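Below is one structure, written out as structure tokens, with a few remarks after it.
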Amino acid sequence: MSPSSRHDTQTSLRDAARLLRGCQRLVVLTGAGVSRESGIPTFREAQTGLWARYDPAQLATPAAFARDPRLVWAFYQARREKLHSAQPNAAHHALAALEARFPHMLLITQNVDSLHEIAGSTRVIRLHGTLDADRCSADCQGSPTPVDRHALPAPEDGRPPACPHCGALIRPDVVWFGEALPAAALRAASEACASAEVLLVVGTSGLVYPAAGLPAQARAAGARIIEINPERSDITPLALVWLSAPAGSALPALLRMLDQAEPSP
Ligand code: BJW
């Protein structure tokens, strides 16, 4: 495969399909870019409206929550509101279809929306938690202590509701900067990448660790990496095939290519 072929989408699609055909251990790693075409801004994009003047990386921390819980809670409530009307896009559907085709496929996601599951993916490892759930910020009954926010009165001053067990504030069940990822999920992701034949990386900047280290780990263990991202990322230098296109068009095109008979050499 010549390096110049990386820039030709049709050639890259053909190369990617060739790597996938007959693959026995396929692992997929997704990031915010996969949900972009569902209208969900990526993490590093400027937030819209009210949130334009805030850096999301400064809000997604335990220190920010301790300093100004009302602000951080409002940030997450606004994102939940936006998610409420979001639907899976063609990329989520194509990944669910890919799982049907490769029953051992494992999908590792950094995303905190549930769009992969809604689209029908079943073998999903979540590295950064979920916006759908909350927990006690003091984890008073063990780590985590799940709390149903819908069953609690919402304080009028905009603060998060209080934990019904201990009275500490509740918080979204996501992983903030400086917090450990769920150990079992990270272990499973790491093991899958260490034994992957092909790692398909979709829509991540590759900036946030430890998730960003998984492609290098897979590559060191012999996996071939396909990347789908319209922009170069920190993963691009590791990729054997880079599909420089939005996931919502590249993934369905890749599925169509897989359905075609392999061209004779
Ligand atoms: C498209 C597209 C289209 C657009 N189609 N593509 C090693 C080195 C340096 C630092 C560290 C290190 N190890 C750990 C750290 C510290 C830190 C870190 O990584 N910092 C970096 C910023 C330098 N990591 C942590 O703190 C982690 N914790 C940790 O390591 O704990 C250690 C510990 C151990 C034991 C005890 C205690 C501690 C935690 C990281 C948690 C990340 N959480 C967030 C927030 C979740 C909640 C929320 O959403 O609010 O997760 S941060 C944010 O980044 C979010 C994302 O999942 C994550 C990754 O972002 P992603 O998905 O890559 O999105 P973007 O926006 O960056 O990129 C989008 C991409 O899509 C772009 O490339 C576009 O081009 C592309 N795109 N449209 C396809 N249509």
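Going through the structure tokens in order, the chains are called A, B, and so on, while each chain numbers its residues from 1 and the ligands are numbered from 1 in the order shown.
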
Given a cut-off of 6 Å, what residues near ligand 1 show up using only C-alpha atoms and all ligand atoms, put as an mmCIF file with N, CA, C and O atoms, in the first residue's frame?
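That gives us selection-v7.cif:
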data_model
loop_
_atom_site.group_PDB
_atom_site.id
_atom_site.type_symbol
_atom_site.label_atom_id
_atom_site.label_comp_id
_atom_site.auth_asym_id
_atom_site.auth_seq_id
_atom_site.Cartn_x
_atom_site.Cartn_y
_atom_site.Cartn_z
ATOM 1 N N GLY A 31 -14.882 7.833 19.336
ATOM 2 C CA GLY A 31 -14.861 9.068 20.112
ATOM 3 C C GLY A 31 -15.989 9.976 19.646
ATOM 4 O O GLY A 31 -16.853 9.564 18.849
ATOM 5 N N ALA A 32 -15.922 11.209 20.118
ATOM 6 C CA ALA A 32 -17.039 12.141 19.920
ATOM 7 C C ALA A 32 -17.396 12.365 18.449
ATOM 8 O O ALA A 32 -18.542 12.672 18.127
ATOM 9 N N GLY A 33 -16.425 12.200 17.544
ATOM 10 C CA GLY A 33 -16.681 12.442 16.119
ATOM 11 C C GLY A 33 -17.775 11.550 15.558
ATOM 12 O O GLY A 33 -18.455 11.925 14.595
ATOM 13 N N VAL A 34 -17.967 10.364 16.158
ATOM 14 C CA VAL A 34 -18.962 9.437 15.625
ATOM 15 C C VAL A 34 -20.383 9.970 15.880
ATOM 16 O O VAL A 34 -21.313 9.638 15.151
ATOM 17 N N ARG A 36 -21.030 13.283 15.950
ATOM 18 C CA ARG A 36 -21.091 14.652 15.413
ATOM 19 C C ARG A 36 -22.266 14.827 14.451
ATOM 20 O O ARG A 36 -22.957 15.847 14.461
ATOM 21 N N GLU A 37 -22.479 13.806 13.612
ATOM 22 C CA GLU A 37 -23.549 13.925 12.612
ATOM 23 C C GLU A 37 -24.935 13.644 13.204
ATOM 24 O O GLU A 37 -25.937 13.669 12.484
ATOM 25 N N THR A 42 -18.582 17.829 19.246
ATOM 26 C CA THR A 42 -17.486 17.031 19.800
ATOM 27 C C THR A 42 -16.995 17.718 21.069
ATOM 28 O O THR A 42 -17.311 18.889 21.321
ATOM 29 N N PHE A 43 -16.226 16.970 21.882
ATOM 30 C CA PHE A 43 -15.856 17.506 23.199
ATOM 31 C C PHE A 43 -15.058 18.796 23.074
ATOM 32 O O PHE A 43 -15.252 19.744 23.826
ATOM 33 N N ARG A 44 -14.150 18.816 22.100
ATOM 34 C CA ARG A 44 -13.254 19.964 22.002
ATOM 35 C C ARG A 44 -13.816 21.126 21.177
ATOM 36 O O ARG A 44 -13.189 22.175 21.096
ATOM 37 N N ALA A 60 -15.135 19.656 33.211
ATOM 38 C CA ALA A 60 -15.205 18.198 33.438
ATOM 39 C C ALA A 60 -14.127 17.760 34.416
ATOM 40 O O ALA A 60 -13.300 16.893 34.126
ATOM 41 N N GLN A 110 -15.495 6.050 24.024
ATOM 42 C CA GLN A 110 -15.217 7.088 25.025
ATOM 43 C C GLN A 110 -16.444 7.964 25.223
ATOM 44 O O GLN A 110 -16.463 8.828 26.085
ATOM 45 N N ASN A 111 -17.470 7.743 24.394
ATOM 46 C CA ASN A 111 -18.624 8.639 24.408
ATOM 47 C C ASN A 111 -19.528 8.370 25.605
ATOM 48 O O ASN A 111 -19.657 7.235 26.062
ATOM 49 N N VAL A 112 -20.161 9.449 26.069
ATOM 50 C CA VAL A 112 -21.047 9.323 27.226
ATOM 51 C C VAL A 112 -22.520 9.373 26.800
ATOM 52 O O VAL A 112 -23.403 9.372 27.638
ATOM 53 N N HIS A 128 -15.744 6.084 29.628
ATOM 54 C CA HIS A 128 -15.903 7.355 30.340
ATOM 55 C C HIS A 128 -17.278 7.532 30.978
ATOM 56 O O HIS A 128 -17.699 8.651 31.243
ATOM 57 N N VAL A 174 -20.040 10.153 34.993
ATOM 58 C CA VAL A 174 -19.039 10.193 33.916
ATOM 59 C C VAL A 174 -17.660 10.283 34.559
ATOM 60 O O VAL A 174 -17.545 10.551 35.755
ATOM 61 N N VAL A 175 -16.630 10.043 33.746
ATOM 62 C CA VAL A 175 -15.261 10.109 34.285
ATOM 63 C C VAL A 175 -14.674 11.481 33.959
ATOM 64 O O VAL A 175 -14.556 11.857 32.788
ATOM 65 N N TRP A 176 -14.322 12.210 34.987
ATOM 66 C CA TRP A 176 -13.737 13.535 34.808
ATOM 67 C C TRP A 176 -12.218 13.429 34.774
ATOM 68 O O TRP A 176 -11.632 12.410 35.208
ATOM 69 N N PHE A 177 -11.575 14.492 34.281
ATOM 70 C CA PHE A 177 -10.108 14.534 34.272
ATOM 71 C C PHE A 177 -9.581 14.347 35.698
ATOM 72 O O PHE A 177 -10.122 14.923 36.647
ATOM 73 N N GLY A 178 -8.563 13.513 35.808
ATOM 74 C CA GLY A 178 -7.957 13.252 37.111
ATOM 75 C C GLY A 178 -8.603 12.093 37.837
ATOM 76 O O GLY A 178 -8.116 11.676 38.892
ATOM 77 N N GLU A 179 -9.702 11.565 37.292
ATOM 78 C CA GLU A 179 -10.366 10.413 37.929
ATOM 79 C C GLU A 179 -9.989 9.130 37.194
ATOM 80 O O GLU A 179 -9.733 9.138 35.981
ATOM 81 N N ALA A 180 -9.987 8.028 37.943
ATOM 82 C CA ALA A 180 -9.656 6.737 37.328
ATOM 83 C C ALA A 180 -10.814 6.263 36.460
ATOM 84 O O ALA A 180 -11.982 6.465 36.795
ATOM 85 N N VAL A 202 -12.493 5.436 15.195
ATOM 86 C CA VAL A 202 -13.421 6.360 14.525
ATOM 87 C C VAL A 202 -13.667 7.613 15.372
ATOM 88 O O VAL A 202 -14.139 7.519 16.507
ATOM 89 N N GLY A 203 -13.326 8.775 14.820
ATOM 90 C CA GLY A 203 -13.766 10.043 15.408
ATOM 91 C C GLY A 203 -13.225 10.381 16.769
ATOM 92 O O GLY A 203 -13.970 10.864 17.615
ATOM 93 N N THR A 204 -11.933 10.148 16.971
ATOM 94 C CA THR A 204 -11.327 10.598 18.230
ATOM 95 C C THR A 204 -10.048 11.371 17.937
ATOM 96 O O THR A 204 -9.318 11.029 17.011
ATOM 97 N N SER A 205 -9.810 12.406 18.762
ATOM 98 C CA SER A 205 -8.597 13.210 18.572
ATOM 99 C C SER A 205 -7.363 12.467 19.079
ATOM 100 O O SER A 205 -6.243 12.839 18.748
ATOM 101 N N GLY A 206 -7.575 11.459 19.918
ATOM 102 C CA GLY A 206 -6.431 10.723 20.468
ATOM 103 C C GLY A 206 -5.625 11.558 21.445
ATOM 104 O O GLY A 206 -4.415 11.356 21.605
ATOM 105 N N LEU A 207 -6.312 12.472 22.125
ATOM 106 C CA LEU A 207 -5.602 13.374 23.048
ATOM 107 C C LEU A 207 -5.771 12.974 24.502
ATOM 108 O O LEU A 207 -5.000 13.395 25.355
ATOM 109 N N VAL A 208 -6.807 12.203 24.809
ATOM 110 C CA VAL A 208 -7.139 11.951 26.216
ATOM 111 C C VAL A 208 -6.765 10.519 26.614
ATOM 112 O O VAL A 208 -7.288 9.550 26.055
ATOM 113 N N TYR A 209 -5.873 10.430 27.565
ATOM 114 C CA TYR A 209 -5.369 9.131 28.051
ATOM 115 C C TYR A 209 -6.182 8.654 29.240
ATOM 116 O O TYR A 209 -6.785 9.479 29.908
ATOM 117 N N PRO A 210 -6.236 7.378 29.522
ATOM 118 C CA PRO A 210 -5.504 6.288 28.872
ATOM 119 C C PRO A 210 -6.121 5.781 27.564
ATOM 120 O O PRO A 210 -5.478 5.016 26.863
ATOM 121 N N ILE A 228 -10.859 6.416 10.803
ATOM 122 C CA ILE A 228 -11.830 7.254 10.086
ATOM 123 C C ILE A 228 -11.935 8.577 10.828
ATOM 124 O O ILE A 228 -12.361 8.619 12.001
ATOM 125 N N ASN A 229 -11.517 9.639 10.185
ATOM 126 C CA ASN A 229 -11.548 10.970 10.781
ATOM 127 C C ASN A 229 -11.294 11.973 9.656
ATOM 128 O O ASN A 229 -10.332 11.808 8.913
ATOM 129 N N PRO A 230 -12.162 12.973 9.503
ATOM 130 C CA PRO A 230 -11.924 13.937 8.414
ATOM 131 C C PRO A 230 -10.644 14.745 8.612
ATOM 132 O O PRO A 230 -10.094 15.291 7.660
ATOM 133 N N GLU A 231 -10.169 14.829 9.877
ATOM 134 C CA GLU A 231 -8.942 15.578 10.173
ATOM 135 C C GLU A 231 -7.860 14.617 10.645
ATOM 136 O O GLU A 231 -8.166 13.572 11.203
ATOM 137 N N SER A 233 -5.277 13.186 13.215
ATOM 138 C CA SER A 233 -5.349 13.145 14.674
ATOM 139 C C SER A 233 -4.022 12.589 15.193
ATOM 140 O O SER A 233 -3.138 12.237 14.411
ATOM 141 N N PRO A 246 -15.999 12.058 6.909
ATOM 142 C CA PRO A 246 -16.897 11.935 8.071
ATOM 143 C C PRO A 246 -17.366 10.486 8.241
ATOM 144 O O PRO A 246 -17.608 9.777 7.243
ATOM 145 N N ALA A 247 -17.504 10.073 9.496
ATOM 146 C CA ALA A 247 -17.878 8.682 9.779
ATOM 147 C C ALA A 247 -19.227 8.311 9.167
ATOM 148 O O ALA A 247 -19.426 7.160 8.749
#

Would you list the contacts of range 72-85 of chain A as a VMD selection string, taking every protein, DNA or RNA residue within 7 Å and counting only C-alpha atoms, but skipping same-chain residues closer than 2 positions in sequence?
-> chain A and resid 59 64 to 65 68 to 70 87 131 159 to 160

Take the residues that were just selected and, keeping N, CA, C and O atoms, output them as a compact mmCIF listing (two decimals), in the first residue's frame.
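What ended up in part12.txt:
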# COMPACT_ATOMS: atom_id res chain seq x y z
N LEU A 59 -14.53 22.29 32.86
CA LEU A 59 -15.75 21.97 33.61
C LEU A 59 -15.80 20.49 34.00
O LEU A 59 -16.44 20.13 35.00
N ALA A 64 -13.73 21.54 39.50
CA ALA A 64 -14.76 22.47 39.03
C ALA A 64 -16.07 22.21 39.75
O ALA A 64 -16.78 23.14 40.15
N PHE A 65 -16.38 20.92 39.95
CA PHE A 65 -17.63 20.56 40.63
C PHE A 65 -17.61 21.02 42.09
O PHE A 65 -18.61 21.52 42.61
N ASP A 68 -17.89 25.00 41.92
CA ASP A 68 -19.15 25.58 41.45
C ASP A 68 -20.09 24.49 40.95
O ASP A 68 -20.28 24.30 39.75
N PRO A 69 -20.67 23.71 41.88
CA PRO A 69 -21.52 22.59 41.47
C PRO A 69 -22.70 23.00 40.61
O PRO A 69 -23.11 22.27 39.71
N ARG A 70 -23.23 24.20 40.86
CA ARG A 70 -24.39 24.67 40.09
C ARG A 70 -24.02 24.82 38.61
O ARG A 70 -24.75 24.41 37.73
N GLN A 87 -30.62 11.40 17.67
CA GLN A 87 -30.82 10.04 17.17
C GLN A 87 -29.50 9.50 16.66
O GLN A 87 -28.66 10.27 16.20
N LEU A 131 -23.95 9.71 30.46
CA LEU A 131 -24.73 10.87 30.88
C LEU A 131 -26.11 10.45 31.37
O LEU A 131 -26.84 11.26 31.93
N ARG A 159 -28.81 23.99 42.13
CA ARG A 159 -27.77 23.05 42.57
C ARG A 159 -28.22 21.63 42.23
O ARG A 159 -29.41 21.37 42.04
N PRO A 160 -27.27 20.68 42.18
CA PRO A 160 -27.68 19.29 41.94
C PRO A 160 -28.50 18.79 43.13
O PRO A 160 -28.31 19.27 44.25

Quick one: residues within 7 Å of Val241 in chain A, only C-alpha atoms counted, chain neighbours fewer than 4 positions away excluded, as a PyMOL selection string?
-> chain A and resi 6+12+15-16+225-227

Output file for the selection above: C-alpha atoms, as a PDB file, in the first residue's frame:
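This went into again.pdb:
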ATOM      1  CA  ARG A   6      -3.910   7.217   1.999  1.00  0.00           C
ATOM      2  CA  SER A  12      -8.457   3.657   1.219  1.00  0.00           C
ATOM      3  CA  ASP A  15      -7.626  -1.198   1.500  1.00  0.00           C
ATOM      4  CA  ALA A  16      -9.770  -1.046   4.639  1.00  0.00           C
ATOM      5  CA  ILE A 225      -5.127   0.150  12.357  1.00  0.00           C
ATOM      6  CA  ILE A 226      -7.794   1.768  10.191  1.00  0.00           C
ATOM      7  CA  GLU A 227      -8.716   5.326  11.115  1.00  0.00           C
TER       8      GLU A 227
END

Using only C-alpha atoms, which residue out of A:Ser249, A:Pro164, A:Thr145, A:Glu197 lies closest to Ala90 in chain A?
-> A:Ser249

Determine which residues of range 173-256 of chain A receive a DSSP assignment of strand (DSSP E), computed from the backbone, and state them as a ChimeraX atom specification.
-> /A:173-174,198-202,224-228,241-243

Write out as a PyMOL selection string each polymer residue whose atoms come within 10 Å of Leu29 in chain A, counting only C-alpha atoms; drop sequence neighbours fewer than 2 positions from it.
-> chain A and resi 27+31+106-110+124-125+189+193+199-204+211-212+214-215+227

Exercise: Met105 in chain A partners within 7 Å, only C-alpha atoms, chain neighbours under 5 positions left out, as a VMD selection string | chain A and resid 25 to 27 99

Would you give me, as a ChimeraX atom specification, the residues in range 26-141 of chain A that DSSP reads as helix (DSSP H, G or I)?
-> /A:32-38,49-53,56-59,62-67,69-84,90-101,115-119

Test item: residues at most 10 Å from Glu191 in chain A, only C-alpha atoms, excluding those fewer than 5 positions along its chain, as an NGL selection string = :A and (185-186 or 196 or 214 or 217-218)

Of the listed residues A:Gly39, A:Gly158, A:Pro144, A:Gly167, that which approaches Leu71 in chain A most closely, counting only C-alpha atoms =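 Using only C-alpha atoms, Leu71 in chain A sits closest to A:Gly158.
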
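Comparing A:Asp139, A:Asp55, A:Asp113, A:Asp8 by their smallest distance to Ser35 in chain A, the closest is A:Asp113 (using only C-alpha atoms).
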
Quick one: distance from CA of Ser114 in chain A to CA of Val198 in chain A in Å, one decimal?
->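 Taking CA of Ser114 in chain A and CA of Val198 in chain A, their separation equals 24.1 Å.
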
CA of Pro41 in chain A and CA of His92 in chain A are how many Å apart?
->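 About the pair CA of Pro41 in chain A and CA of His92 in chain A: they are 15.6 Å apart.
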
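Straight-line separation from CA of Leu240 in chain A to CA of Leu255 in chain A: 18.4 Å.
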
Which residues come within 9 Å of Cys140 in chain A, counting only C-alpha atoms, excluding same-chain residues fewer than 4 positions away, as a VMD selection string?
-> chain A and resid 136 144 to 145 163 165 to 166 168

Please produce a file of the residues just selected, as a PDB file, in the first residue's frame, where the atoms kept are N, CA, C and O atoms.
ATOM      1  N   CYS A 136     -23.828   9.338  43.778  1.00  0.00           N
ATOM      2  CA  CYS A 136     -23.515  10.196  44.923  1.00  0.00           C
ATOM      3  C   CYS A 136     -22.073  10.682  44.772  1.00  0.00           C
ATOM      4  O   CYS A 136     -21.176   9.878  44.503  1.00  0.00           O
ATOM      5  N   PRO A 144     -19.405   2.680  42.497  1.00  0.00           N
ATOM      6  CA  PRO A 144     -20.191   3.908  42.627  1.00  0.00           C
ATOM      7  C   PRO A 144     -21.454   3.669  43.453  1.00  0.00           C
ATOM      8  O   PRO A 144     -21.868   2.532  43.630  1.00  0.00           O
ATOM      9  N   THR A 145     -22.041   4.772  43.923  1.00  0.00           N
ATOM     10  CA  THR A 145     -23.361   4.695  44.566  1.00  0.00           C
ATOM     11  C   THR A 145     -24.377   5.316  43.598  1.00  0.00           C
ATOM     12  O   THR A 145     -24.492   6.541  43.522  1.00  0.00           O
ATOM     13  N   CYS A 163     -27.960  13.518  47.620  1.00  0.00           N
ATOM     14  CA  CYS A 163     -28.011  12.056  47.733  1.00  0.00           C
ATOM     15  C   CYS A 163     -29.010  11.669  48.827  1.00  0.00           C
ATOM     16  O   CYS A 163     -28.947  12.203  49.939  1.00  0.00           O
ATOM     17  N   HIS A 165     -29.144   9.081  50.579  1.00  0.00           N
ATOM     18  CA  HIS A 165     -28.512   8.333  51.677  1.00  0.00           C
ATOM     19  C   HIS A 165     -27.748   9.262  52.624  1.00  0.00           C
ATOM     20  O   HIS A 165     -27.829   9.125  53.829  1.00  0.00           O
ATOM     21  N   CYS A 166     -26.961  10.188  52.055  1.00  0.00           N
ATOM     22  CA  CYS A 166     -26.038  10.943  52.914  1.00  0.00           C
ATOM     23  C   CYS A 166     -26.151  12.456  52.776  1.00  0.00           C
ATOM     24  O   CYS A 166     -25.522  13.197  53.526  1.00  0.00           O
ATOM     25  N   ALA A 168     -24.946  14.333  50.415  1.00  0.00           N
ATOM     26  CA  ALA A 168     -23.943  14.956  49.527  1.00  0.00           C
ATOM     27  C   ALA A 168     -24.601  15.238  48.176  1.00  0.00           C
ATOM     28  O   ALA A 168     -25.645  14.662  47.849  1.00  0.00           O
TER      29      ALA A 168
END
